[in-house]
$ cat query_26.cif   # mmCIF, C-alpha atoms
data_data
#
loop_
_atom_site.label_atom_id
_atom_site.label_comp_id
_atom_site.auth_asym_id
_atom_site.auth_seq_id
_atom_site.Cartn_x
_atom_site.Cartn_y
_atom_site.Cartn_z
CA MET A 1 -89.78 -64.60 33.95
CA LYS A 2 -88.10 -65.40 30.69
CA ILE A 3 -85.76 -62.94 29.02
CA ASN A 4 -85.34 -62.91 25.29
CA LEU A 5 -81.62 -63.54 24.65
CA THR A 6 -81.56 -61.57 21.40
CA THR A 7 -83.11 -58.52 23.02
CA TYR A 8 -80.69 -58.70 25.93
CA LEU A 9 -77.63 -58.83 23.69
CA THR A 10 -78.89 -55.96 21.57
CA GLU A 11 -79.33 -53.71 24.61
CA LYS A 12 -75.83 -54.51 25.92
CA PHE A 13 -74.23 -53.79 22.55
CA THR A 14 -75.97 -50.41 22.43
CA GLU A 15 -74.68 -49.49 25.90
CA VAL A 16 -71.07 -50.40 24.99
CA SER A 17 -71.23 -48.41 21.73
CA GLN A 18 -72.47 -45.32 23.54
CA SER A 19 -69.64 -45.67 26.10
CA LEU A 20 -67.03 -45.85 23.31
CA ILE A 21 -68.48 -42.79 21.58
CA SER A 22 -68.35 -40.83 24.87
CA LEU A 23 -64.72 -41.85 25.40
CA ARG A 24 -63.73 -40.75 21.85
CA THR A 25 -65.53 -37.45 22.37
CA LEU A 26 -63.64 -36.89 25.62
CA ARG A 27 -60.27 -37.68 24.00
CA PHE A 28 -60.99 -35.31 21.10
CA SER A 29 -61.95 -32.56 23.53
CA LEU A 30 -58.75 -33.01 25.50
CA PHE A 31 -56.65 -32.94 22.29
CA ALA A 32 -58.39 -29.81 21.06
CA CYS A 33 -57.81 -28.12 24.40
CA PHE A 34 -54.11 -29.05 24.32
CA ALA A 35 -53.72 -27.76 20.76
CA VAL A 36 -55.35 -24.44 21.64
CA THR A 37 -53.13 -24.10 24.71
CA LEU A 38 -49.97 -24.90 22.68
CA LEU A 39 -50.90 -22.37 19.98
CA SER A 40 -51.50 -19.73 22.62
CA CYS A 41 -48.10 -20.46 24.16
CA ASN A 42 -46.35 -20.21 20.79
CA GLU A 43 -48.04 -16.89 20.07
CA LYS A 44 -47.02 -15.64 23.50
CA LYS A 45 -43.40 -16.79 22.93
CA THR A 46 -43.32 -15.08 19.49
CA GLU A 47 -44.56 -11.86 21.02
CA GLU A 48 -41.99 -12.14 23.80
CA THR A 49 -39.22 -12.79 21.23
CA HIS A 50 -40.19 -9.71 19.22
CA GLU A 51 -40.29 -7.65 22.38
CA GLU A 52 -36.88 -9.04 23.43
CA GLU A 53 -35.33 -8.29 20.00
CA LYS A 54 -36.75 -4.79 20.15
CA ALA A 55 -35.36 -4.30 23.64
CA GLN A 56 -31.92 -5.53 22.53
CA LYS A 57 -31.71 -2.74 19.96
CA GLU A 58 -32.78 0.02 22.32
CA VAL A 59 -31.05 1.72 25.23
CA ALA A 60 -32.17 4.50 27.56
CA LEU A 61 -30.14 7.02 29.54
CA THR A 62 -31.22 9.39 32.24
CA ALA A 63 -30.57 13.07 31.71
CA SER A 64 -27.67 12.96 34.15
CA GLN A 65 -26.14 9.93 32.40
CA TYR A 66 -26.60 11.68 29.06
CA LYS A 67 -24.62 14.64 30.36
CA THR A 68 -21.93 12.58 32.09
CA VAL A 69 -21.21 10.42 29.04
CA GLY A 70 -21.04 13.52 26.85
CA ILE A 71 -23.45 12.32 24.19
CA GLU A 72 -23.44 14.46 21.05
CA THR A 73 -25.75 14.14 18.08
CA GLY A 74 -25.72 15.28 14.48
CA ILE A 75 -27.19 14.51 11.08
CA VAL A 76 -25.93 12.67 8.04
CA GLU A 77 -23.78 14.96 5.89
CA ASN A 78 -22.72 14.76 2.25
CA ARG A 79 -18.94 14.68 2.17
CA ASN A 80 -16.20 14.35 -0.45
CA LEU A 81 -14.39 11.16 0.55
CA ASN A 82 -11.55 9.41 -1.23
CA LYS A 83 -11.82 5.73 -2.02
CA VAL A 84 -8.42 4.15 -1.42
CA ILE A 85 -6.63 0.92 -2.17
CA LYS A 86 -4.08 -0.22 0.38
CA ALA A 87 -0.73 -1.54 -0.80
CA ASN A 88 2.66 -2.37 0.66
CA GLY A 89 6.04 -1.88 -0.93
CA TYR A 90 9.48 -0.35 -0.47
CA THR A 91 11.54 2.65 -1.49
CA THR A 92 13.94 2.33 -4.38
CA VAL A 93 15.78 4.42 -6.97
CA PRO A 94 15.80 4.16 -10.79
CA PRO A 95 18.64 2.08 -12.26
CA GLN A 96 20.28 5.22 -13.65
CA ASN A 97 20.46 6.70 -10.14
CA SER A 98 22.36 3.83 -8.59
CA ALA A 99 25.88 2.77 -9.52
CA GLU A 100 28.29 0.03 -8.55
CA VAL A 101 31.81 1.32 -9.22
CA SER A 102 34.41 -1.14 -10.50
CA THR A 103 37.70 -0.92 -12.39
CA LEU A 104 38.56 -1.77 -15.99
CA ILE A 105 42.05 -2.82 -15.03
CA GLY A 106 43.29 -4.79 -12.04
CA GLY A 107 45.76 -3.39 -9.59
CA THR A 108 46.74 -2.71 -6.00
CA ILE A 109 44.66 -0.21 -4.01
CA LYS A 110 46.97 2.76 -3.38
CA ASP A 111 44.64 5.26 -1.63
CA ILE A 112 40.96 5.57 -0.58
CA PHE A 113 39.61 9.13 -0.36
CA VAL A 114 36.00 8.70 0.85
CA LEU A 115 33.98 7.15 3.65
CA GLU A 116 30.59 5.45 3.56
CA GLY A 117 27.82 8.06 3.66
CA THR A 118 29.96 10.77 2.01
CA TYR A 119 28.24 12.82 -0.69
CA VAL A 120 30.30 13.00 -3.89
CA ASN A 121 29.86 14.78 -7.21
CA LYS A 122 30.16 13.03 -10.55
CA GLY A 123 33.85 12.61 -11.45
CA LYS A 124 35.09 12.71 -7.86
CA VAL A 125 38.13 10.44 -7.32
CA LEU A 126 37.14 7.76 -4.81
CA ALA A 127 40.40 5.81 -4.79
CA THR A 128 43.53 5.09 -6.85
CA ILE A 129 44.89 1.79 -8.19
CA GLN A 130 48.50 1.15 -9.15
CA ASN A 131 49.23 -0.82 -12.35
CA LEU A 132 52.44 -0.65 -14.38
CA GLU A 133 50.63 -1.49 -17.63
CA VAL A 134 49.31 2.07 -17.67
CA ILE A 135 52.85 3.35 -18.26
CA GLU A 136 53.07 1.21 -21.40
CA MET A 137 49.77 2.64 -22.66
CA GLN A 138 51.10 6.16 -22.24
CA GLU A 139 54.38 5.23 -24.03
CA ASP A 140 52.39 3.77 -26.93
CA TYR A 141 50.47 7.02 -27.20
CA HIS A 142 53.57 9.20 -27.08
CA SER A 143 55.38 7.00 -29.64
CA ALA A 144 52.43 7.05 -32.02
CA THR A 145 52.10 10.81 -31.67
CA ALA A 146 55.76 11.35 -32.51
CA ASN A 147 55.51 9.09 -35.55
CA ILE A 148 52.43 10.96 -36.70
CA GLU A 149 54.38 14.24 -36.71
CA TYR A 150 57.17 12.77 -38.83
CA LEU A 151 54.82 10.89 -41.18
CA GLN A 152 52.65 13.95 -41.63
CA LEU A 153 55.65 15.91 -42.98
CA GLU A 154 56.66 13.00 -45.19
CA TYR A 155 53.07 12.66 -46.38
CA ASN A 156 53.00 16.32 -47.45
CA ARG A 157 56.34 15.99 -49.31
CA GLN A 158 55.40 12.78 -51.10
CA LYS A 159 52.04 14.20 -52.09
CA THR A 160 53.74 17.18 -53.76
CA LEU A 161 56.18 14.96 -55.61
CA SER A 162 53.41 12.62 -56.64
CA ASP A 163 51.30 15.48 -57.95
CA GLU A 164 54.31 16.65 -60.05
CA ASN A 165 54.94 13.07 -61.22
CA VAL A 166 58.49 13.16 -59.80
CA ASN A 167 58.18 10.08 -57.53
CA PRO A 168 56.13 6.97 -58.17
CA ARG A 169 52.55 6.98 -56.88
CA LYS A 170 53.35 3.83 -54.87
CA THR A 171 55.75 5.67 -52.55
CA PHE A 172 53.08 8.22 -51.68
CA GLN A 173 50.55 5.47 -50.93
CA GLU A 174 53.02 3.74 -48.56
CA VAL A 175 53.55 6.93 -46.55
CA LYS A 176 49.83 7.57 -46.47
CA SER A 177 49.20 4.06 -45.14
CA LYS A 178 51.84 4.37 -42.39
CA LEU A 179 50.38 7.71 -41.31
CA ALA A 180 46.89 6.22 -40.99
CA ALA A 181 48.22 3.26 -38.97
CA GLU A 182 50.04 5.51 -36.50
CA ARG A 183 46.99 7.71 -36.10
CA ALA A 184 44.90 4.61 -35.33
CA ARG A 185 47.51 3.42 -32.79
CA ALA A 186 47.55 6.80 -31.09
CA GLN A 187 43.77 6.96 -30.94
CA ALA A 188 43.53 3.46 -29.47
CA ALA A 189 46.04 4.32 -26.77
CA LYS A 190 44.18 7.56 -26.03
CA ASN A 191 40.84 5.72 -25.79
CA LYS A 192 42.31 3.27 -23.27
CA LEU A 193 43.74 6.06 -21.16
CA ASP A 194 40.48 8.03 -21.30
CA ALA A 195 38.49 4.98 -20.20
CA LEU A 196 40.82 4.65 -17.23
CA HIS A 197 40.59 8.41 -16.55
CA VAL A 198 44.38 8.68 -16.99
CA SER A 199 45.88 11.71 -18.67
CA THR A 200 47.78 11.29 -21.94
CA LYS A 201 50.41 13.71 -20.67
CA GLY A 202 53.30 12.62 -18.53
CA SER A 203 53.88 9.13 -17.20
CA THR A 204 52.13 7.51 -14.22
CA SER A 205 51.16 4.08 -12.92
CA LEU A 206 48.15 5.28 -10.91
CA VAL A 207 44.59 4.73 -12.13
CA PRO A 208 41.88 6.87 -10.47
CA ILE A 209 38.52 5.27 -9.57
CA VAL A 210 35.93 8.03 -10.10
CA ALA A 211 32.23 8.39 -9.24
CA PRO A 212 30.07 7.88 -12.35
CA ILE A 213 27.13 9.80 -10.80
CA SER A 214 26.55 12.30 -8.01
CA GLY A 215 25.20 10.79 -4.81
CA TYR A 216 26.04 9.20 -1.49
CA VAL A 217 28.75 6.57 -1.15
CA GLY A 218 27.24 3.34 0.02
CA LYS A 219 29.10 0.13 0.72
CA ILE A 220 32.90 0.22 0.28
CA SER A 221 34.22 -3.24 -0.60
CA ILE A 222 37.97 -2.56 -0.76
CA ALA A 223 40.85 -1.95 1.60
CA LYS A 224 44.13 -0.17 1.13
CA GLY A 225 46.82 -2.52 -0.18
CA ALA A 226 44.31 -5.11 -1.43
CA TYR A 227 44.22 -6.21 -5.06
CA ALA A 228 41.23 -4.88 -7.02
CA GLN A 229 39.95 -7.23 -9.70
CA THR A 230 38.14 -6.18 -12.85
CA GLY A 231 34.34 -6.57 -12.82
CA VAL A 232 34.12 -6.59 -9.01
CA ALA A 233 32.19 -3.75 -7.32
CA LEU A 234 34.49 -1.56 -5.23
CA PHE A 235 32.05 1.21 -4.25
CA GLU A 236 28.31 1.83 -4.34
CA VAL A 237 26.98 5.33 -5.11
CA VAL A 238 23.26 6.17 -4.79
CA ASP A 239 21.44 9.34 -5.84
CA ASN A 240 18.40 9.63 -3.55
CA SER A 241 17.02 12.74 -5.25
CA GLN A 242 14.99 10.58 -7.65
CA MET A 243 13.61 8.19 -5.02
CA HIS A 244 10.41 6.33 -5.88
CA LEU A 245 8.22 3.52 -4.57
CA ASP A 246 7.63 0.02 -5.82
CA LEU A 247 4.16 -1.00 -4.56
CA ASN A 248 2.64 -4.48 -4.85
CA VAL A 249 -0.99 -4.34 -6.07
CA TYR A 250 -3.23 -7.43 -6.29
CA GLU A 251 -5.06 -8.41 -9.46
CA LYS A 252 -8.52 -7.55 -8.07
CA ASP A 253 -7.44 -3.91 -7.56
CA LEU A 254 -5.47 -3.50 -10.77
CA GLY A 255 -8.44 -2.23 -12.79
CA SER A 256 -8.75 0.79 -10.50
CA ILE A 257 -5.09 1.84 -10.81
CA SER A 258 -3.94 4.37 -13.40
CA VAL A 259 -0.96 6.65 -14.05
CA GLY A 260 -1.24 10.03 -12.34
CA GLN A 261 -3.10 8.88 -9.22
CA VAL A 262 -1.89 10.37 -5.94
CA ILE A 263 -0.77 8.15 -3.09
CA ASP A 264 -0.17 8.74 0.62
CA PHE A 265 2.32 6.50 2.38
CA VAL A 266 4.07 6.09 5.70
CA LEU A 267 7.23 4.25 6.56
CA THR A 268 6.31 0.95 8.19
CA ASN A 269 8.76 1.48 11.05
CA GLN A 270 8.28 5.26 11.24
CA SER A 271 4.52 5.81 10.89
CA ASN A 272 4.49 9.34 12.28
CA LYS A 273 4.73 11.17 8.96
CA SER A 274 2.62 10.88 5.83
CA ILE A 275 4.39 11.45 2.50
CA LYS A 276 2.78 11.97 -0.91
CA GLY A 277 3.70 10.50 -4.25
CA LYS A 278 2.27 10.05 -7.75
CA ILE A 279 2.03 6.92 -9.91
CA PHE A 280 4.13 7.11 -13.09
CA GLY A 281 4.28 3.50 -14.23
CA ILE A 282 2.54 0.12 -13.95
CA ASN A 283 4.21 -3.19 -14.77
CA LYS A 284 2.58 -5.42 -17.37
CA SER A 285 3.49 -8.74 -15.79
CA PHE A 286 2.72 -10.54 -12.51
CA SER A 287 5.23 -11.55 -9.88
CA ASN A 288 5.42 -15.35 -9.87
CA GLU A 289 5.64 -15.56 -6.08
CA SER A 290 3.06 -13.05 -4.80
CA LYS A 291 0.85 -12.81 -7.92
CA THR A 292 0.95 -9.03 -7.64
CA VAL A 293 1.83 -6.29 -10.10
CA ALA A 294 4.50 -3.70 -9.32
CA VAL A 295 3.23 -0.11 -9.43
CA HIS A 296 5.85 2.66 -9.50
CA ALA A 297 5.27 6.01 -7.80
CA LYS A 298 7.51 9.06 -7.82
CA ILE A 299 8.31 10.92 -4.60
CA GLU A 300 8.96 14.65 -4.72
CA SER A 301 12.60 15.56 -4.11
CA ALA A 302 11.74 17.64 -1.03
CA ASP A 303 9.90 14.69 0.56
CA ALA A 304 12.59 12.17 -0.41
CA LYS A 305 15.12 13.70 1.99
CA GLY A 306 16.07 11.23 4.68
CA LEU A 307 14.80 8.23 2.72
CA ILE A 308 17.10 5.44 1.65
CA PRO A 309 16.45 2.55 -0.75
CA GLY A 310 14.88 -0.56 0.77
CA MET A 311 12.66 1.08 3.41
CA TYR A 312 9.28 -0.71 3.70
CA VAL A 313 6.15 1.43 3.37
CA SER A 314 2.37 1.16 3.74
CA ALA A 315 0.50 3.21 1.16
CA ASN A 316 -3.04 4.33 0.30
CA ILE A 317 -3.68 4.80 -3.41
CA ASN A 318 -6.38 7.46 -3.86
CA ILE A 319 -8.81 6.13 -6.47
CA THR A 320 -11.86 8.41 -6.57
CA ASN A 321 -13.21 11.50 -4.86
CA ALA A 322 -17.00 11.22 -4.51
CA THR A 323 -19.74 12.98 -2.55
CA VAL A 324 -21.39 10.38 -0.27
CA PRO A 325 -23.52 10.38 2.91
CA ALA A 326 -21.12 10.26 5.82
CA LEU A 327 -20.87 10.48 9.60
CA PRO A 328 -17.92 11.01 11.96
CA LYS A 329 -16.10 7.69 12.14
CA ASP A 330 -16.79 7.39 15.90
CA ALA A 331 -20.53 7.33 15.16
CA VAL A 332 -20.23 3.86 13.59
CA VAL A 333 -19.72 0.97 16.03
CA ARG A 334 -19.38 -2.76 15.49
CA ASN A 335 -21.05 -5.62 17.31
CA ALA A 336 -20.07 -9.12 16.14
CA ASP A 337 -20.20 -8.93 12.34
CA LYS A 338 -22.64 -6.02 12.05
CA TYR A 339 -22.25 -2.25 12.17
CA PHE A 340 -24.63 0.19 13.86
CA VAL A 341 -25.35 3.83 14.53
CA PHE A 342 -27.64 5.11 17.29
CA ILE A 343 -30.61 7.40 16.65
CA GLU A 344 -32.19 9.44 19.40
CA GLU A 345 -35.87 8.47 19.42
CA LYS A 346 -38.77 10.92 19.63
CA HIS A 347 -41.42 10.15 22.27
CA GLU A 348 -44.97 11.44 21.97
CA HIS A 349 -47.46 12.30 24.74
CA GLU A 350 -44.64 13.51 27.01
CA GLU A 351 -46.82 16.44 27.97
CA LYS A 352 -49.38 14.07 29.57
CA LYS A 353 -47.14 12.89 32.39
CA THR A 354 -48.77 12.05 35.71
CA ALA A 355 -47.60 13.57 38.95
CA ALA A 356 -45.82 10.31 39.85
CA GLU A 357 -44.01 10.23 36.50
CA ALA A 358 -42.97 13.84 36.89
CA ASN A 359 -41.04 12.93 40.04
CA HIS A 360 -38.88 10.45 38.07
CA GLU A 361 -35.79 11.67 36.13
CA GLU A 362 -36.39 12.06 32.41
CA GLU A 363 -35.01 9.32 30.16
CA ILE A 364 -33.62 9.71 26.65
CA HIS A 365 -34.06 6.68 24.40
CA PHE A 366 -31.77 5.57 21.60
CA LYS A 367 -32.26 2.91 18.94
CA ALA A 368 -29.51 0.97 17.15
CA ILE A 369 -29.82 1.14 13.35
CA GLU A 370 -27.81 -1.26 11.20
CA VAL A 371 -25.62 0.31 8.51
CA ILE A 372 -23.05 -0.75 5.94
CA PRO A 373 -19.87 1.33 6.30
CA GLY A 374 -17.87 2.41 3.25
CA THR A 375 -14.80 4.56 2.72
CA THR A 376 -13.21 6.26 5.73
CA ASP A 377 -11.32 9.48 5.03
CA LEU A 378 -10.52 12.69 6.90
CA GLY A 379 -12.23 11.43 10.05
CA PHE A 380 -15.56 10.59 8.34
CA THR A 381 -17.02 7.23 7.27
CA GLU A 382 -19.41 6.63 4.39
CA VAL A 383 -22.65 4.98 5.63
CA LYS A 384 -25.43 3.12 3.83
CA PHE A 385 -28.58 2.46 5.85
CA ILE A 386 -30.21 -0.97 5.63
CA ASN A 387 -33.62 0.69 6.13
CA PRO A 388 -34.50 4.34 5.36
CA VAL A 389 -34.24 6.87 8.18
CA PRO A 390 -35.60 10.43 8.33
CA SER A 391 -33.25 13.02 6.87
CA ASP A 392 -33.41 15.02 10.11
CA ALA A 393 -32.75 12.01 12.38
CA LYS A 394 -30.56 12.90 15.35
CA ILE A 395 -27.65 10.44 15.13
CA VAL A 396 -25.20 9.98 17.98
CA THR A 397 -21.79 11.21 16.82
CA LYS A 398 -20.03 11.00 20.18
CA GLY A 399 -20.67 8.34 22.82
CA ALA A 400 -21.94 5.61 20.48
CA PHE A 401 -19.44 3.13 21.90
CA TYR A 402 -20.84 3.66 25.41
CA LEU A 403 -24.39 3.09 24.13
CA LEU A 404 -23.31 -0.14 22.45
CA SER A 405 -21.79 -1.35 25.70
CA ALA A 406 -25.00 -0.55 27.56
CA MET A 407 -27.13 -2.22 24.89
CA VAL A 408 -25.26 -5.53 24.85
CA GLY A 409 -24.98 -5.53 28.63
CA GLY A 410 -21.23 -5.79 28.68
CA GLY A 411 -21.17 -8.56 26.08
CA GLU A 412 -18.55 -9.06 23.44
CA HIS A 413 -18.22 -6.15 21.07
CA THR A 414 -15.62 -4.33 19.09
CA HIS A 415 -15.20 -0.77 18.07
#

$ encode --input "query_26.cif" --output "structure tokens"
Amino acid sequence: MKINLTTYLTEKFTEVSQSLISLRTLRFSLFACFAVTLLSCNEKKTEETHEEEKAQKEVALTASQYKTVGIETGIVENRNLNKVIKANGYTTVPPQNSAEVSTLIGGTIKDIFVLEGTYVNKGKVLATIQNLEVIEMQEDYHSATANIEYLQLEYNRQKTLSDENVNPRKTFQEVKSKLAAERARAQAAKNKLDALHVSTKGSTSLVPIVAPISGYVGKISIAKGAYAQTGVALFEVVDNSQMHLDLNVYEKDLGSISVGQVIDFVLTNQSNKSIKGKIFGINKSFSNESKTVAVHAKIESADAKGLIPGMYVSANINITNATVPALPKDAVVRNADKYFVFIEEKHEHEEKKTAAEANHEEEIHFKAIEVIPGTTDLGFTEVKFINPVPSDAKIVTKGAFYLLSAMVGGGEHTH
């Protein structure tokens, strides 16, 4: 039996082609099945992720836990809160309320009459200096005064004679000139003695060192028997009744500062008492080192008692008083870099509980809602909700920190 070679080859080619088509169909089917399976897995993972994220922002307590923790709820209130700018600085006194006492004439310290910390009135003698030149100043004054008395009589006599044309006019002018010179010499001597606080009467070599202002004696830089030089500070006197603050304010906050604003400050090392002040001046130049501007605030005399210059303070400058939505500050908690409050959730269909469910203890559910905190004042914090919440939402005002701990499962969090 003869077989046609062409027919045989044609039949074999057809069989191979059909086999290849079947293989391609099988591979396509397997790929399609894998793609469908992968898509289903992704959808399942997405659903699980959403469920996990939802669970991470919710926490449930039993009724007994709710009572034990002491959970309290409230609603958002509109409160008047002050916006503040924080600044640091130190106490100081105006230049006219601080004095460094020196002497206009050198000499030996004879006596010292005060101690550091002593309160003195203006004009109080703090010490005395001995200098023999003072005696010469007094003699010059007495001599000039005596000459003035004689020349005054001679001036009157010569004036009469001159008016009657008995003596030459020149003689009268000479007496008049001598009288003016002696008066000038006497006045110069008196001015020197007055500047030294030495009397023009009598004769003494002691120069009193007096307090130029009323206040407390600070550092005493002399000792009895030592030589006091001119221009060197011997005493320091400070009047604390006009104490004020020098606060350092950064450029970004400068636009919010104005004269008349009230400040509250505490001493950095004694933060148990808050003291009030009021801004009275703002510098118009920056400090080269800190790039801050000095703001000056006055302290009331009653509050300035016990303060001394140079004490460091931390201050809040009250900028505005606005009505804003607020919650007790303990209602706002922080987790990582976000802030939250907890809202007690309402559950429907609670009346349709089965007998088995009724045997279980009731659970109260809470949901964490992200907020942006603002100003904190008087125990309340301004809050801005990322997403709207019902006006009557029951927000946890006490126990929010415990709920946060339960929600993150003991993870890292801050309050």

$ residues_around --input "query_26.cif" --residues "Val93 in chain A" --least-positions-apart "4" --cutoff "9 Å" --atoms "only C-alpha atoms" --output "VMD selection string"
chain A and resid 97 to 98 238 to 245 308 to 309

$ residues_around --input "query_26.cif" --residues "Ile135 in chain A" --least-positions-apart "5" --cutoff "8 Å" --atoms "all atoms listed in the file" --output "PyMOL selection string"
chain A and resi 203-205

$ residues_around --input "query_26.cif" --residues "Ala400 in chain A" --least-positions-apart "6" --cutoff "10 Å" --atoms "all atoms listed in the file" --output "PyMOL selection string"
chain A and resi 69+71-73+330-333+340-343+366+368+406+415

$ closest_residue --input "query_26.cif" --among "A:Glu362, A:Glu116, A:Glu164, A:Asp246" --to "Gly310 in chain A" --atoms "all atoms listed in the file"
A:Asp246

$ resolve_selection --input "query_26.cif" --expression "the PyMOL selection byres ((chain A and resi 58-63) around 12)" --output "PyMOL selection string"
chain A and resi 51-57+64-71+340-345+360-369+399-400+402-409

$ write_last_selection --input "query_26.cif" --atoms "C-alpha atoms" --output "PDB file, in the frame of the given file"
ATOM      1  CA  GLU A  51     -40.290  -7.650  22.380  1.00  0.00           C
ATOM      2  CA  GLU A  52     -36.880  -9.040  23.430  1.00  0.00           C
ATOM      3  CA  GLU A  53     -35.330  -8.290  20.000  1.00  0.00           C
ATOM      4  CA  LYS A  54     -36.750  -4.790  20.150  1.00  0.00           C
ATOM      5  CA  ALA A  55     -35.360  -4.300  23.640  1.00  0.00           C
ATOM      6  CA  GLN A  56     -31.920  -5.530  22.530  1.00  0.00           C
ATOM      7  CA  LYS A  57     -31.710  -2.740  19.960  1.00  0.00           C
ATOM      8  CA  SER A  64     -27.670  12.960  34.150  1.00  0.00           C
ATOM      9  CA  GLN A  65     -26.140   9.930  32.400  1.00  0.00           C
ATOM     10  CA  TYR A  66     -26.600  11.680  29.060  1.00  0.00           C
ATOM     11  CA  LYS A  67     -24.620  14.640  30.360  1.00  0.00           C
ATOM     12  CA  THR A  68     -21.930  12.580  32.090  1.00  0.00           C
ATOM     13  CA  VAL A  69     -21.210  10.420  29.040  1.00  0.00           C
ATOM     14  CA  GLY A  70     -21.040  13.520  26.850  1.00  0.00           C
ATOM     15  CA  ILE A  71     -23.450  12.320  24.190  1.00  0.00           C
ATOM     16  CA  PHE A 340     -24.630   0.190  13.860  1.00  0.00           C
ATOM     17  CA  VAL A 341     -25.350   3.830  14.530  1.00  0.00           C
ATOM     18  CA  PHE A 342     -27.640   5.110  17.290  1.00  0.00           C
ATOM     19  CA  ILE A 343     -30.610   7.400  16.650  1.00  0.00           C
ATOM     20  CA  GLU A 344     -32.190   9.440  19.400  1.00  0.00           C
ATOM     21  CA  GLU A 345     -35.870   8.470  19.420  1.00  0.00           C
ATOM     22  CA  HIS A 360     -38.880  10.450  38.070  1.00  0.00           C
ATOM     23  CA  GLU A 361     -35.790  11.670  36.130  1.00  0.00           C
ATOM     24  CA  GLU A 362     -36.390  12.060  32.410  1.00  0.00           C
ATOM     25  CA  GLU A 363     -35.010   9.320  30.160  1.00  0.00           C
ATOM     26  CA  ILE A 364     -33.620   9.710  26.650  1.00  0.00           C
ATOM     27  CA  HIS A 365     -34.060   6.680  24.400  1.00  0.00           C
ATOM     28  CA  PHE A 366     -31.770   5.570  21.600  1.00  0.00           C
ATOM     29  CA  LYS A 367     -32.260   2.910  18.940  1.00  0.00           C
ATOM     30  CA  ALA A 368     -29.510   0.970  17.150  1.00  0.00           C
ATOM     31  CA  ILE A 369     -29.820   1.140  13.350  1.00  0.00           C
ATOM     32  CA  GLY A 399     -20.670   8.340  22.820  1.00  0.00           C
ATOM     33  CA  ALA A 400     -21.940   5.610  20.480  1.00  0.00           C
ATOM     34  CA  TYR A 402     -20.840   3.660  25.410  1.00  0.00           C
ATOM     35  CA  LEU A 403     -24.390   3.090  24.130  1.00  0.00           C
ATOM     36  CA  LEU A 404     -23.310  -0.140  22.450  1.00  0.00           C
ATOM     37  CA  SER A 405     -21.790  -1.350  25.700  1.00  0.00           C
ATOM     38  CA  ALA A 406     -25.000  -0.550  27.560  1.00  0.00           C
ATOM     39  CA  MET A 407     -27.130  -2.220  24.890  1.00  0.00           C
ATOM     40  CA  VAL A 408     -25.260  -5.530  24.850  1.00  0.00           C
ATOM     41  CA  GLY A 409     -24.980  -5.530  28.630  1.00  0.00           C
TER      42      GLY A 409
END

$ closest_residue --input "query_26.cif" --among "A:Thr145, A:Asn248, A:Thr323, A:Thr118" --to "Val217 in chain A" --atoms "all atoms listed in the file"
A:Thr118

$ residues_around --input "query_26.cif" --residues "Leu378 in chain A" --least-positions-apart "3" --cutoff "12 Å" --atoms "all atoms listed in the file" --output "list in words"
Arg79, Asn80, Leu81, Asn82, Lys83, Ala326, Leu327, Pro328, Lys329, Thr375, Thr381 and Glu382 of chain A

$ atom_distance --input "query_26.cif" --atom1 "CA of Lys398 in chain A" --atom2 "CA of Glu77 in chain A"
15.3 Å

$ closest_residue --input "query_26.cif" --among "A:Leu151, A:Ala211, A:Ile109, A:Ala180" --to "Asn121 in chain A" --atoms "only C-alpha atoms"
A:Ala211

$ atom_distance --input "query_26.cif" --atom1 "CA of Ser301 in chain A" --atom2 "CA of Val210 in chain A"
25.2 Å

$ resolve_selection --input "query_26.cif" --expression "the PyMOL selection byres ((chain A and resi 315-320) around 9)" --output "list of chain:residue names"
A:Leu81, A:Asn82, A:Lys83, A:Val84, A:Ile85, A:Lys86, A:Ala87, A:Asn88, A:Gly89, A:Leu247, A:Ser256, A:Ile257, A:Ser258, A:Gln261, A:Val262, A:Ile263, A:Asp264, A:Phe265, A:Val266, A:Leu267, A:Ile279, A:Val313, A:Ser314, A:Asn321, A:Ala322
